[in-house]
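J.: Just dropping this structure here.
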Amino acid sequence: MASEPTRENPNGPIGTEILFENDQVRVWDMQVAPGGKKPWHHHTMDYVIINVTGGKIELENVQGHSIIADDKVGGVIWRDAGEKHELRNLSGKLYQNILVELKNGK
């Protein structure tokens with residue numbers, strides 16, 4: 001049985017549910033309840049985020065550095081592989097995005 005995701009062991013899933021996967025991409029639906037969090041996880045592939053709902057979030061990395069972002073509906077964000085973080089939904093509504101991981105050999 002896998003241990004719970006922690007800052008020291010960020011092994012949580014990238015998203016809520018895999019919507020599509022082939023040898024080039026993995027597409028996740030990612031949802032976080034109002035006031036909830038997406039536990040510690042590690043992005044091992046480059047990825048693109050498409051914001052579905054938008055909302056205010058806090059991202060804390062394993063070094064303890066936090067940023068607060070106000071994501072806009074329809075916004076698109078590029079991220080390089082390697083990020084290890086926890087995401088907290090600071091809004092009073094569901095936070096949702098579609099996350100596309102690029103399987104490019106990393």
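Each chain in the structure tokens gets a letter, A, B, ..., in the order shown, and its residues are numbered from 1; ligands are numbered from 1 in order too.
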Residues at most 10 Å from A:Gln63, counting only C-alpha atoms, excluding those fewer than 3 positions away in the same chain, as JSON, numbers by chain?
T.: {"A": [7, 8, 60, 66, 84, 85]}
J.: Need the shell around A:Glu21: protein/DNA/RNA residues with any atom at most 12 Å away, counting only C-alpha atoms. Skip same-chain ones fewer than 5 positions apart. Format as a PDB file with N, CA, C and O atoms, in the first residue's frame?
T.:
ATOM      1  N   ARG A  26      -0.950  12.336 -21.685  1.00  0.00           N
ATOM      2  CA  ARG A  26      -1.905  11.869 -20.676  1.00  0.00           C
ATOM      3  C   ARG A  26      -2.715  13.102 -20.288  1.00  0.00           C
ATOM      4  O   ARG A  26      -2.148  14.136 -19.915  1.00  0.00           O
ATOM      5  N   VAL A  27      -4.050  12.990 -20.391  1.00  0.00           N
ATOM      6  CA  VAL A  27      -4.936  14.120 -20.122  1.00  0.00           C
ATOM      7  C   VAL A  27      -5.713  13.847 -18.837  1.00  0.00           C
ATOM      8  O   VAL A  27      -6.393  12.830 -18.719  1.00  0.00           O
ATOM      9  N   TRP A  28      -5.583  14.767 -17.882  1.00  0.00           N
ATOM     10  CA  TRP A  28      -6.244  14.650 -16.578  1.00  0.00           C
ATOM     11  C   TRP A  28      -7.358  15.681 -16.430  1.00  0.00           C
ATOM     12  O   TRP A  28      -7.204  16.832 -16.847  1.00  0.00           O
ATOM     13  N   ASP A  29      -8.427  15.287 -15.775  1.00  0.00           N
ATOM     14  CA  ASP A  29      -9.366  16.229 -15.171  1.00  0.00           C
ATOM     15  C   ASP A  29      -8.838  16.448 -13.763  1.00  0.00           C
ATOM     16  O   ASP A  29      -8.469  15.490 -13.078  1.00  0.00           O
ATOM     17  N   LEU A  99      -5.444  19.107 -17.403  1.00  0.00           N
ATOM     18  CA  LEU A  99      -3.988  19.094 -17.392  1.00  0.00           C
ATOM     19  C   LEU A  99      -3.509  18.051 -18.395  1.00  0.00           C
ATOM     20  O   LEU A  99      -3.942  16.911 -18.352  1.00  0.00           O
ATOM     21  N   VAL A 100      -2.645  18.494 -19.315  1.00  0.00           N
ATOM     22  CA  VAL A 100      -2.135  17.616 -20.376  1.00  0.00           C
ATOM     23  C   VAL A 100      -0.634  17.408 -20.158  1.00  0.00           C
ATOM     24  O   VAL A 100       0.137  18.362 -20.280  1.00  0.00           O
ATOM     25  N   GLU A 101      -0.256  16.178 -19.812  1.00  0.00           N
ATOM     26  CA  GLU A 101       1.153  15.835 -19.657  1.00  0.00           C
ATOM     27  C   GLU A 101       1.699  15.380 -21.003  1.00  0.00           C
ATOM     28  O   GLU A 101       1.062  14.594 -21.696  1.00  0.00           O
ATOM     29  N   LEU A 102       2.896  15.866 -21.355  1.00  0.00           N
ATOM     30  CA  LEU A 102       3.537  15.526 -22.622  1.00  0.00           C
ATOM     31  C   LEU A 102       4.579  14.442 -22.382  1.00  0.00           C
ATOM     32  O   LEU A 102       5.543  14.666 -21.665  1.00  0.00           O
ATOM     33  N   LYS A 103       4.370  13.300 -22.984  1.00  0.00           N
ATOM     34  CA  LYS A 103       5.283  12.157 -22.817  1.00  0.00           C
ATOM     35  C   LYS A 103       6.405  12.260 -23.847  1.00  0.00           C
ATOM     36  O   LYS A 103       6.389  11.581 -24.862  1.00  0.00           O
TER      37      LYS A 103
END
J.: Could you tell me how far atom CA of A:Ile50 sits from atom CA of A:Ser91, in Å to one decimal place?
T.: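 Atom CA of A:Ser91 sits 17.7 Å away from atom CA of A:Ile50.
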J.: Looking at only C-alpha atoms, which of A:Gly82, A:Gly92, A:Gly75, A:Gly36 is the one that sits closest to A:Pro10?
T.: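 Of all the options, A:Gly82 lies closest to A:Pro10.
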J.: Please compute the atom CA of A:Asn97-atom CA of A:Ser3 distance, one decimal, in Å.
T.: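 So the two atoms, atom CA of A:Asn97 and atom CA of A:Ser3, lie 25.8 Å apart.
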J.: Quick check for you: according to DSSP on this backbone, which residues of stretch 4-89 of chain A are classed as strand (DSSP E or B)? Reply as an MDAnalysis selection string.
T.: chainID A and resid 17:21 25:32 37:42 47:51 55:61 66:71 76:79 84:89
J.: List as a PyMOL selection string the protein and nucleic acid residues near A:Gly12, meaning an atom at most 9 Å away when only C-alpha atoms are counted, but skip any in the same chain fewer than 5 places from it.
T.: chain A and resi 4-6+38-42
J.: Go ahead and write the residues just picked, N, CA and C atoms, as a PDB file, in the first residue's frame.
T.:
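Written file, out.pdb:
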ATOM      1  N   GLU A   4       0.751   7.936   2.309  1.00  0.00           N
ATOM      2  CA  GLU A   4       0.083   9.204   2.030  1.00  0.00           C
ATOM      3  C   GLU A   4       1.089  10.209   1.484  1.00  0.00           C
ATOM      4  N   PRO A   5       0.670  11.041   0.518  1.00  0.00           N
ATOM      5  CA  PRO A   5       1.570  12.054  -0.010  1.00  0.00           C
ATOM      6  C   PRO A   5       1.965  13.070   1.070  1.00  0.00           C
ATOM      7  N   THR A   6       3.251  13.364   1.141  1.00  0.00           N
ATOM      8  CA  THR A   6       3.767  14.370   2.064  1.00  0.00           C
ATOM      9  C   THR A   6       4.761  15.245   1.319  1.00  0.00           C
ATOM     10  N   LYS A  38      -5.142  19.687  -3.298  1.00  0.00           N
ATOM     11  CA  LYS A  38      -4.611  18.594  -4.115  1.00  0.00           C
ATOM     12  C   LYS A  38      -3.319  18.218  -3.434  1.00  0.00           C
ATOM     13  N   PRO A  39      -3.277  17.045  -2.789  1.00  0.00           N
ATOM     14  CA  PRO A  39      -2.109  16.692  -1.973  1.00  0.00           C
ATOM     15  C   PRO A  39      -0.795  16.710  -2.765  1.00  0.00           C
ATOM     16  N   TRP A  40       0.275  16.689  -2.008  1.00  0.00           N
ATOM     17  CA  TRP A  40       1.631  16.736  -2.566  1.00  0.00           C
ATOM     18  C   TRP A  40       1.790  15.768  -3.719  1.00  0.00           C
ATOM     19  N   HIS A  41       2.335  16.278  -4.831  1.00  0.00           N
ATOM     20  CA  HIS A  41       2.558  15.466  -6.022  1.00  0.00           C
ATOM     21  C   HIS A  41       3.759  16.000  -6.790  1.00  0.00           C
ATOM     22  N   HIS A  42       4.284  15.169  -7.681  1.00  0.00           N
ATOM     23  CA  HIS A  42       5.503  15.477  -8.429  1.00  0.00           C
ATOM     24  C   HIS A  42       5.207  15.387  -9.921  1.00  0.00           C
TER      25      HIS A  42
END
J.: What's the separation between atom CA of A:Ile98 and atom CA of A:Asp71, in Å to one decimal place?
T.: 12.8 Å
J.: A:Asn89, A:Pro13, A:Glu83, A:Met30: which is nearest A:Val62, counting only C-alpha atoms?
T.: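 Counting only C-alpha atoms, the residue closest to A:Val62 is A:Glu83.
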J.: Skip A:Lys72 itself and residues of its chain fewer than 6 positions away, then list as a VMD selection string all residues within 12 Å of it, counting only C-alpha atoms.
T.: chain A and resid 49 to 57 95 to 97
J.: Show which residues sit within 8 Å of A:Lys37, as number ranges by chain. Count only C-alpha atoms, and ignore same-chain residues fewer than 4 positions away.
T.: A: 32-33, 86-89
